[in-house]
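Structure data follow from model07.pdb (PDB, C-alpha atoms, pLDDT in the B column):
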```pdb
ATOM      1  CA  MET I  15       0.000   0.000   0.000  1.00 50.00           C
ATOM      2  CA  GLN I  16       1.403   3.350  -1.029  1.00 50.00           C
ATOM      3  CA  THR I  17       1.158   6.463   1.035  1.00 48.00           C
ATOM      4  CA  PRO I  18      -1.130   9.225  -0.222  1.00 49.00           C
ATOM      5  CA  ILE I  19       1.894  11.458  -0.877  1.00 48.00           C
ATOM      6  CA  MET I  20       3.449   8.876  -3.146  1.00 47.00           C
ATOM      7  CA  ASP I  21       0.135   8.355  -4.946  1.00 51.00           C
ATOM      8  CA  ASN I  22       0.056  12.032  -5.904  1.00 51.00           C
ATOM      9  CA  CYS I  23       3.636  12.058  -7.226  1.00 50.00           C
ATOM     10  CA  HIS I  24       4.574  11.493 -10.816  1.00 51.00           C
ATOM     11  CA  PRO I  25       6.033   7.956 -11.151  1.00 52.00           C
ATOM     12  CA  GLN I  26       9.453   9.336 -12.178  1.00 51.00           C
ATOM     13  CA  MET I  27       9.581  11.510  -9.037  1.00 48.00           C
ATOM     14  CA  ARG I  28       9.176   8.624  -6.596  1.00 49.00           C
ATOM     15  CA  PRO I  29      12.868   7.564  -6.641  1.00 48.00           C
ATOM     16  CA  TRP I  30      13.878  11.221  -6.173  1.00 43.00           C
ATOM     17  CA  ARG I  31      11.575  11.423  -3.179  1.00 49.00           C
ATOM     18  CA  LEU I  32      13.315   8.468  -1.585  1.00 49.00           C
ATOM     19  CA  GLY I  33      16.703   9.962  -2.507  1.00 50.00           C
ATOM     20  CA  GLY I  34      15.604  13.278  -1.023  1.00 50.00           C
ATOM     21  CA  LYS I  35      14.871  11.541   2.263  1.00 53.00           C
ATOM     22  CA  LEU I  36      18.358  10.050   2.208  1.00 46.00           C
ATOM     23  CA  VAL I  37      19.890  13.452   1.489  1.00 44.00           C
ATOM     24  CA  VAL I  38      17.967  15.005   4.373  1.00 45.00           C
ATOM     25  CA  LEU I  39      19.034  12.154   6.645  1.00 42.00           C
ATOM     26  CA  ALA I  40      22.670  12.592   5.595  1.00 44.00           C
ATOM     27  CA  LEU I  41      22.499  16.360   6.225  1.00 41.00           C
ATOM     28  CA  LEU I  42      20.985  15.826   9.662  1.00 43.00           C
ATOM     29  CA  LEU I  43      23.754  13.376  10.468  1.00 44.00           C
ATOM     30  CA  LEU I  44      26.427  15.854   9.359  1.00 44.00           C
ATOM     31  CA  LEU I  45      24.842  18.660  11.364  1.00 48.00           C
ATOM     32  CA  SER I  46      24.824  16.488  14.485  1.00 49.00           C
ATOM     33  CA  LEU I  47      28.583  15.952  14.329  1.00 47.00           C
ATOM     34  CA  PRO I  48      30.712  18.366  16.355  1.00 48.00           C
ATOM     35  CA  ALA I  49      32.256  21.166  14.329  1.00 46.00           C
ATOM     36  CA  ALA I  50      35.967  20.977  13.651  1.00 48.00           C
ATOM     37  CA  ALA I  51      37.681  22.875  16.414  1.00 57.00           C
ATOM     38  CA  GLN I  52      40.077  25.665  15.631  1.00 67.00           C
ATOM     39  CA  SER I  53      43.694  24.875  16.401  1.00 82.00           C
ATOM     40  CA  SER I  54      44.927  26.009  19.781  1.00 93.00           C
ATOM     41  CA  GLN I  55      48.040  28.113  20.295  1.00 95.00           C
ATOM     42  CA  ILE I  56      49.961  25.095  21.511  1.00 95.00           C
ATOM     43  CA  GLN I  57      49.026  23.194  18.335  1.00 96.00           C
ATOM     44  CA  VAL I  58      50.105  26.125  16.156  1.00 97.00           C
ATOM     45  CA  ALA I  59      53.387  26.445  18.089  1.00 97.00           C
ATOM     46  CA  ARG I  60      54.072  22.730  17.719  1.00 97.00           C
ATOM     47  CA  GLU I  61      53.146  22.770  14.016  1.00 97.00           C
ATOM     48  CA  PHE I  62      55.514  25.714  13.486  1.00 98.00           C
ATOM     49  CA  LEU I  63      58.436  24.037  15.262  1.00 97.00           C
ATOM     50  CA  ILE I  64      57.911  20.697  13.538  1.00 97.00           C
ATOM     51  CA  ALA I  65      57.923  22.475  10.164  1.00 97.00           C
ATOM     52  CA  VAL I  66      61.168  24.271  11.106  1.00 97.00           C
ATOM     53  CA  LEU I  67      62.817  21.074  12.344  1.00 97.00           C
ATOM     54  CA  ARG I  68      61.980  19.185   9.153  1.00 96.00           C
ATOM     55  CA  GLY I  69      63.229  22.103   7.039  1.00 96.00           C
ATOM     56  CA  ASP I  70      59.816  23.134   5.680  1.00 97.00           C
ATOM     57  CA  ASN I  71      60.433  26.863   5.948  1.00 97.00           C
ATOM     58  CA  SER I  72      57.513  27.785   3.671  1.00 97.00           C
ATOM     59  CA  ALA I  73      54.979  26.109   5.965  1.00 97.00           C
ATOM     60  CA  ALA I  74      56.578  27.661   9.049  1.00 98.00           C
ATOM     61  CA  TYR I  75      56.717  31.133   7.485  1.00 98.00           C
ATOM     62  CA  LYS I  76      52.949  31.026   6.838  1.00 97.00           C
ATOM     63  CA  LEU I  77      52.349  30.694  10.590  1.00 98.00           C
ATOM     64  CA  LEU I  78      54.027  34.007  11.429  1.00 98.00           C
ATOM     65  CA  ALA I  79      51.966  36.989  12.534  1.00 97.00           C
ATOM     66  CA  PRO I  80      51.443  39.530   9.730  1.00 97.00           C
ATOM     67  CA  GLU I  81      53.499  42.153  11.556  1.00 95.00           C
ATOM     68  CA  VAL I  82      56.430  39.707  11.545  1.00 96.00           C
ATOM     69  CA  SER I  83      56.136  38.430   7.986  1.00 96.00           C
ATOM     70  CA  ASN I  84      55.766  42.027   6.739  1.00 96.00           C
ATOM     71  CA  THR I  85      59.132  42.974   8.261  1.00 97.00           C
ATOM     72  CA  VAL I  86      61.083  39.702   7.942  1.00 96.00           C
ATOM     73  CA  SER I  87      61.866  38.440   4.454  1.00 97.00           C
ATOM     74  CA  LYS I  88      61.842  34.741   3.648  1.00 97.00           C
ATOM     75  CA  LYS I  89      65.618  34.863   3.328  1.00 97.00           C
ATOM     76  CA  GLN I  90      65.953  36.443   6.791  1.00 97.00           C
ATOM     77  CA  PHE I  91      63.532  33.867   8.153  1.00 97.00           C
ATOM     78  CA  ARG I  92      65.587  30.979   6.742  1.00 97.00           C
ATOM     79  CA  ALA I  93      68.666  32.414   8.436  1.00 97.00           C
ATOM     80  CA  ALA I  94      66.800  32.859  11.723  1.00 96.00           C
ATOM     81  CA  VAL I  95      65.487  29.279  11.835  1.00 97.00           C
ATOM     82  CA  ARG I  96      68.758  27.667  10.724  1.00 96.00           C
ATOM     83  CA  PRO I  97      70.096  27.261  14.310  1.00 95.00           C
ATOM     84  CA  LEU I  98      66.848  25.555  15.357  1.00 95.00           C
ATOM     85  CA  TYR I  99      67.035  23.235  12.365  1.00 96.00           C
ATOM     86  CA  GLU I 100      70.673  22.372  13.145  1.00 95.00           C
ATOM     87  CA  GLN I 101      69.837  21.714  16.794  1.00 93.00           C
ATOM     88  CA  GLY I 102      67.097  19.368  15.633  1.00 93.00           C
ATOM     89  CA  ARG I 103      69.559  17.483  13.453  1.00 93.00           C
ATOM     90  CA  GLU I 104      71.834  17.070  16.470  1.00 91.00           C
ATOM     91  CA  LEU I 105      69.225  16.172  19.105  1.00 90.00           C
ATOM     92  CA  GLY I 106      66.511  14.606  16.946  1.00 88.00           C
ATOM     93  CA  ARG I 107      63.243  16.061  15.743  1.00 87.00           C
ATOM     94  CA  PRO I 108      60.740  14.806  18.320  1.00 93.00           C
ATOM     95  CA  ILE I 109      59.783  17.572  20.728  1.00 95.00           C
ATOM     96  CA  ALA I 110      57.590  17.833  23.807  1.00 93.00           C
ATOM     97  CA  LEU I 111      56.016  20.749  25.610  1.00 93.00           C
ATOM     98  CA  TYR I 112      58.294  21.726  28.488  1.00 90.00           C
ATOM     99  CA  LYS I 113      56.487  24.744  29.882  1.00 91.00           C
ATOM    100  CA  LEU I 114      54.090  27.529  29.028  1.00 93.00           C
ATOM    101  CA  GLY I 115      53.258  30.834  30.581  1.00 92.00           C
ATOM    102  CA  LEU I 116      53.279  34.602  30.395  1.00 91.00           C
ATOM    103  CA  ARG I 117      56.249  36.848  29.836  1.00 87.00           C
ATOM    104  CA  LEU I 118      56.228  40.632  30.055  1.00 84.00           C
ATOM    105  CA  GLY I 119      56.829  42.119  26.634  1.00 68.00           C
ATOM    106  CA  GLU I 120      57.317  45.667  25.463  1.00 71.00           C
ATOM    107  CA  GLU I 121      55.492  48.235  27.551  1.00 74.00           C
ATOM    108  CA  ALA I 122      54.880  45.542  30.207  1.00 76.00           C
ATOM    109  CA  GLN I 123      52.328  43.834  27.956  1.00 82.00           C
ATOM    110  CA  PRO I 124      52.087  40.091  28.699  1.00 87.00           C
ATOM    111  CA  ARG I 125      53.075  37.696  25.925  1.00 89.00           C
ATOM    112  CA  TYR I 126      51.990  34.065  25.906  1.00 92.00           C
ATOM    113  CA  PHE I 127      54.826  31.610  25.304  1.00 94.00           C
ATOM    114  CA  TYR I 128      55.316  27.892  24.828  1.00 96.00           C
ATOM    115  CA  ALA I 129      58.699  26.281  25.371  1.00 94.00           C
ATOM    116  CA  PHE I 130      59.429  22.866  23.909  1.00 95.00           C
ATOM    117  CA  SER I 131      62.338  20.578  24.644  1.00 93.00           C
ATOM    118  CA  PHE I 132      63.757  17.796  22.546  1.00 93.00           C
ATOM    119  CA  LYS I 133      62.538  14.374  23.630  1.00 92.00           C
ATOM    120  CA  SER I 134      66.142  13.180  23.539  1.00 89.00           C
ATOM    121  CA  ASP I 135      66.704  15.449  26.564  1.00 83.00           C
ATOM    122  CA  THR I 136      64.109  13.684  28.704  1.00 79.00           C
ATOM    123  CA  LEU I 137      66.764  11.735  30.590  1.00 78.00           C
ATOM    124  CA  GLN I 138      68.633  14.940  31.442  1.00 80.00           C
ATOM    125  CA  PRO I 139      67.849  16.707  34.739  1.00 81.00           C
ATOM    126  CA  THR I 140      67.066  19.804  32.637  1.00 82.00           C
ATOM    127  CA  PRO I 141      66.968  20.148  28.865  1.00 86.00           C
ATOM    128  CA  ARG I 142      70.052  21.531  27.166  1.00 86.00           C
ATOM    129  CA  VAL I 143      67.991  23.901  25.057  1.00 91.00           C
ATOM    130  CA  MET I 144      64.385  24.965  24.645  1.00 92.00           C
ATOM    131  CA  LEU I 145      62.549  26.049  21.527  1.00 95.00           C
ATOM    132  CA  ASP I 146      60.469  29.092  22.373  1.00 95.00           C
ATOM    133  CA  VAL I 147      57.372  30.386  20.559  1.00 97.00           C
ATOM    134  CA  THR I 148      55.517  33.547  21.590  1.00 95.00           C
ATOM    135  CA  PHE I 149      52.046  34.850  20.734  1.00 95.00           C
ATOM    136  CA  ARG I 150      50.724  38.407  21.041  1.00 91.00           C
ATOM    137  CA  ASP I 151      47.789  37.451  23.298  1.00 89.00           C
ATOM    138  CA  THR I 152      45.417  34.599  24.136  1.00 88.00           C
ATOM    139  CA  THR I 153      43.431  34.945  20.917  1.00 91.00           C
ATOM    140  CA  ALA I 154      46.367  35.204  18.505  1.00 93.00           C
ATOM    141  CA  MET I 155      46.881  32.222  16.226  1.00 96.00           C
ATOM    142  CA  ARG I 156      49.992  33.517  14.484  1.00 97.00           C
ATOM    143  CA  ILE I 157      53.488  33.534  15.922  1.00 97.00           C
ATOM    144  CA  LEU I 158      54.914  36.815  17.134  1.00 95.00           C
ATOM    145  CA  SER I 159      58.425  35.572  17.925  1.00 95.00           C
ATOM    146  CA  PHE I 160      60.432  32.383  18.207  1.00 96.00           C
ATOM    147  CA  GLY I 161      63.887  31.328  19.200  1.00 94.00           C
ATOM    148  CA  MET I 162      66.142  28.891  20.902  1.00 92.00           C
ATOM    149  CA  ILE I 163      67.084  29.593  24.477  1.00 86.00           C
ATOM    150  CA  PRO I 164      69.375  27.716  26.804  1.00 80.00           C
ATOM    151  CA  ALA I 165      67.388  25.874  29.408  1.00 64.00           C
ATOM    152  CA  PRO I 166      67.742  27.148  32.952  1.00 62.00           C
ATOM    153  CA  GLN I 167      70.597  25.405  34.640  1.00 59.00           C
ATOM    154  CA  SER I 168      70.617  24.596  38.333  1.00 61.00           C
ATOM    155  CA  LYS I 169      72.706  26.940  40.448  1.00 59.00           C
ATOM    156  CA  ARG I 170      75.737  25.381  42.044  1.00 52.00           C
ATOM    157  CA  LYS I 171      76.292  25.903  45.731  1.00 50.00           C
TER
END
```
Mind converting the file's structure to structure tokens?
Amino acid sequence: MQTPIMDNCHPQMRPWRLGGKLVVLALLLLLSLPAAAQSSQIQVAREFLIAVLRGDNSAAYKLLAPEVSNTVSKKQFRAAVRPLYEQGRELGRPIALYKLGLRLGEEAQPRYFYAFSFKSDTLQPTPRVMLDVTFRDTTAMRILSFGMIPAPQSKRK
């Protein structure tokens, strides 16, 4: 027994009607899935450093804040990341978050930073070096500054 709706449809439209139900069902399913989350600062920082350590300077350069990429040429950028790349060749590419926090920047404005250490340093009491990435504020998703800093060493008595 056909439904009254199907009785009123042209015979060629009946398959479309069934297909339409499937399309609606598929759309409802897609809408019920959680939206893709935006990357966090820590993910962007890690993505940047991994690109630098594997020598993908183009990908890393794209993650810089506009005020940085407007003042630093690609050639200058390659020179700036070279020490990080070399350190990665020496210590291995795998990195891990070591610490994060706030640092006072120019005009006492806080800057959010993430410091990563090389996983090969995990057996050391403190890492030999940290890879540092800084963001302008909590909402920034582009890198304001980066560098390699010696890890704090314990003071000898």
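What separates CA of Ala93 (chain I) from CA of Gly69 (chain I) is a distance of 11.7 Å.
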With the file shown as input, list the residues that the PyMOL selection byres ((chain I and resi 73) around 12) selects, as a PyMOL selection string. chain I and resi 58+61-72+74-78+88+91-92
Any idea what's packed within 7 Å of region 141-150 of chain I, counting all atoms listed in the file, ignoring anything in its chain fewer than 3 positions away? Could you give it as JSON, numbers by chain? {"I": [59, 125, 126, 127, 128, 129, 130, 131, 135, 138, 154, 156, 157, 158, 159, 160, 161, 162, 163, 164, 165]}
From the options I:Gln57, I:Ser134, I:Thr153, I:Thr140, which residue's atoms come nearest to Glu104 (chain I), counting all atoms listed in the file?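 Answer, going by the shortest atom-to-atom distance: I:Ser134.
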Put a box with edges along x, y and z around all the listed atoms of region 111-116 of chain I, pad it by 5 Å on each side, then give me its centre and sizes in Å, one decimal, as JSON.
```
{"center_x": 55.8, "center_y": 27.7, "center_z": 28.1, "size_x": 15.0, "size_y": 23.9, "size_z": 15.0}
```
As an exercise, work out the distance from CA of Ile56 (chain I) to CA of Met155 (chain I) in Å and give it to one decimal place.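 CA of Met155 (chain I) lies 9.4 Å from CA of Ile56 (chain I).
Relative to CA of Arg96 (chain I), CA of Ser83 (chain I) is found at 16.8 Å.
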Counting all atoms listed in the file, the option among I:Gly106, I:Phe132, I:Gln90, I:Asp151 closest to Leu118 (chain I):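 Among I:Gly106, I:Phe132, I:Gln90, I:Asp151, it is I:Asp151 that comes nearest to Leu118 (chain I).
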Since the input is missing atoms, can you rebuild all heavy atoms for region 138-149 of chain I and write them as a JSON list (two decimals), keeping the file's coordinate frame?
```json
[["chain", "number", "residue", "atom", "x", "y", "z"],
["I", 138, "GLN", "N", 67.80, 13.91, 30.81],
["I", 138, "GLN", "CA", 68.63, 14.94, 31.44],
["I", 138, "GLN", "C", 67.85, 15.56, 32.61],
["I", 138, "GLN", "O", 66.64, 15.65, 32.56],
["I", 138, "GLN", "CB", 68.98, 16.05, 30.44],
["I", 138, "GLN", "CG", 69.64, 15.59, 29.17],
["I", 138, "GLN", "CD", 71.05, 15.10, 29.41],
["I", 138, "GLN", "OE1", 71.75, 15.57, 30.29],
["I", 138, "GLN", "NE2", 71.46, 14.11, 28.64],
["I", 139, "PRO", "N", 68.56, 16.03, 33.65],
["I", 139, "PRO", "CA", 67.85, 16.71, 34.74],
["I", 139, "PRO", "C", 67.10, 17.96, 34.24],
["I", 139, "PRO", "O", 66.00, 18.24, 34.68],
["I", 139, "PRO", "CB", 68.94, 17.10, 35.72],
["I", 139, "PRO", "CG", 70.17, 16.38, 35.29],
["I", 139, "PRO", "CD", 69.98, 15.91, 33.89],
["I", 140, "THR", "N", 67.71, 18.68, 33.31],
["I", 140, "THR", "CA", 67.07, 19.80, 32.64],
["I", 140, "THR", "C", 67.46, 19.73, 31.17],
["I", 140, "THR", "O", 68.54, 19.25, 30.83],
["I", 140, "THR", "CB", 67.51, 21.18, 33.21],
["I", 140, "THR", "OG1", 68.92, 21.28, 33.09],
["I", 140, "THR", "CG2", 67.07, 21.35, 34.64],
["I", 141, "PRO", "N", 66.61, 20.20, 30.29],
["I", 141, "PRO", "CA", 66.97, 20.15, 28.86],
["I", 141, "PRO", "C", 68.15, 21.07, 28.57],
["I", 141, "PRO", "O", 68.35, 22.07, 29.25],
["I", 141, "PRO", "CB", 65.70, 20.64, 28.16],
["I", 141, "PRO", "CG", 64.86, 21.26, 29.19],
["I", 141, "PRO", "CD", 65.29, 20.76, 30.52],
["I", 142, "ARG", "N", 68.90, 20.71, 27.56],
["I", 142, "ARG", "CA", 70.05, 21.53, 27.17],
["I", 142, "ARG", "C", 69.61, 22.82, 26.50],
["I", 142, "ARG", "O", 70.28, 23.84, 26.60],
["I", 142, "ARG", "CB", 70.97, 20.74, 26.22],
["I", 142, "ARG", "CG", 71.68, 19.59, 26.93],
["I", 142, "ARG", "CD", 72.39, 18.74, 25.93],
["I", 142, "ARG", "NE", 71.41, 17.71, 25.51],
["I", 142, "ARG", "CZ", 71.71, 16.69, 24.73],
["I", 142, "ARG", "NH1", 72.90, 16.58, 24.24],
["I", 142, "ARG", "NH2", 70.81, 15.81, 24.42],
["I", 143, "VAL", "N", 68.49, 22.75, 25.80],
["I", 143, "VAL", "CA", 67.99, 23.90, 25.06],
["I", 143, "VAL", "C", 66.48, 23.79, 24.96],
["I", 143, "VAL", "O", 65.93, 22.70, 25.02],
["I", 143, "VAL", "CB", 68.65, 23.96, 23.65],
["I", 143, "VAL", "CG1", 68.19, 22.82, 22.78],
["I", 143, "VAL", "CG2", 68.40, 25.28, 22.98],
["I", 144, "MET", "N", 65.83, 24.95, 24.84],
["I", 144, "MET", "CA", 64.39, 24.96, 24.64],
["I", 144, "MET", "C", 64.07, 25.76, 23.39],
["I", 144, "MET", "O", 64.76, 26.74, 23.07],
["I", 144, "MET", "CB", 63.68, 25.58, 25.84],
["I", 144, "MET", "CG", 63.70, 24.70, 27.07],
["I", 144, "MET", "SD", 62.73, 25.35, 28.43],
["I", 144, "MET", "CE", 63.65, 26.81, 28.88],
["I", 145, "LEU", "N", 63.04, 25.34, 22.70],
["I", 145, "LEU", "CA", 62.55, 26.05, 21.53],
["I", 145, "LEU", "C", 61.36, 26.87, 21.98],
["I", 145, "LEU", "O", 60.39, 26.33, 22.52],
["I", 145, "LEU", "CB", 62.15, 25.06, 20.44],
["I", 145, "LEU", "CG", 63.24, 24.06, 20.04],
["I", 145, "LEU", "CD1", 62.68, 23.05, 19.04],
["I", 145, "LEU", "CD2", 64.45, 24.77, 19.50],
["I", 146, "ASP", "N", 61.44, 28.16, 21.81],
["I", 146, "ASP", "CA", 60.47, 29.09, 22.37],
["I", 146, "ASP", "C", 59.63, 29.72, 21.27],
["I", 146, "ASP", "O", 60.16, 30.16, 20.26],
["I", 146, "ASP", "CB", 61.25, 30.18, 23.13],
["I", 146, "ASP", "CG", 60.36, 31.09, 23.92],
["I", 146, "ASP", "OD1", 59.87, 30.65, 24.97],
["I", 146, "ASP", "OD2", 60.17, 32.25, 23.49],
["I", 147, "VAL", "N", 58.31, 29.76, 21.49],
["I", 147, "VAL", "CA", 57.37, 30.39, 20.56],
["I", 147, "VAL", "C", 56.48, 31.31, 21.37],
["I", 147, "VAL", "O", 55.96, 30.93, 22.42],
["I", 147, "VAL", "CB", 56.52, 29.33, 19.83],
["I", 147, "VAL", "CG1", 55.49, 29.97, 18.94],
["I", 147, "VAL", "CG2", 57.42, 28.41, 19.00],
["I", 148, "THR", "N", 56.30, 32.54, 20.87],
["I", 148, "THR", "CA", 55.52, 33.55, 21.59],
["I", 148, "THR", "C", 54.36, 34.05, 20.73],
["I", 148, "THR", "O", 54.51, 34.23, 19.52],
["I", 148, "THR", "CB", 56.42, 34.75, 21.97],
["I", 148, "THR", "OG1", 57.55, 34.25, 22.68],
["I", 148, "THR", "CG2", 55.69, 35.74, 22.84],
["I", 149, "PHE", "N", 53.24, 34.30, 21.38],
["I", 149, "PHE", "CA", 52.05, 34.85, 20.73],
["I", 149, "PHE", "C", 51.73, 36.22, 21.35],
["I", 149, "PHE", "O", 52.07, 36.48, 22.50],
["I", 149, "PHE", "CB", 50.84, 33.93, 20.93],
["I", 149, "PHE", "CG", 50.98, 32.62, 20.20],
["I", 149, "PHE", "CD1", 51.62, 31.55, 20.79],
["I", 149, "PHE", "CD2", 50.47, 32.47, 18.92],
["I", 149, "PHE", "CE1", 51.75, 30.34, 20.12],
["I", 149, "PHE", "CE2", 50.61, 31.27, 18.25],
["I", 149, "PHE", "CZ", 51.25, 30.20, 18.84]]
```
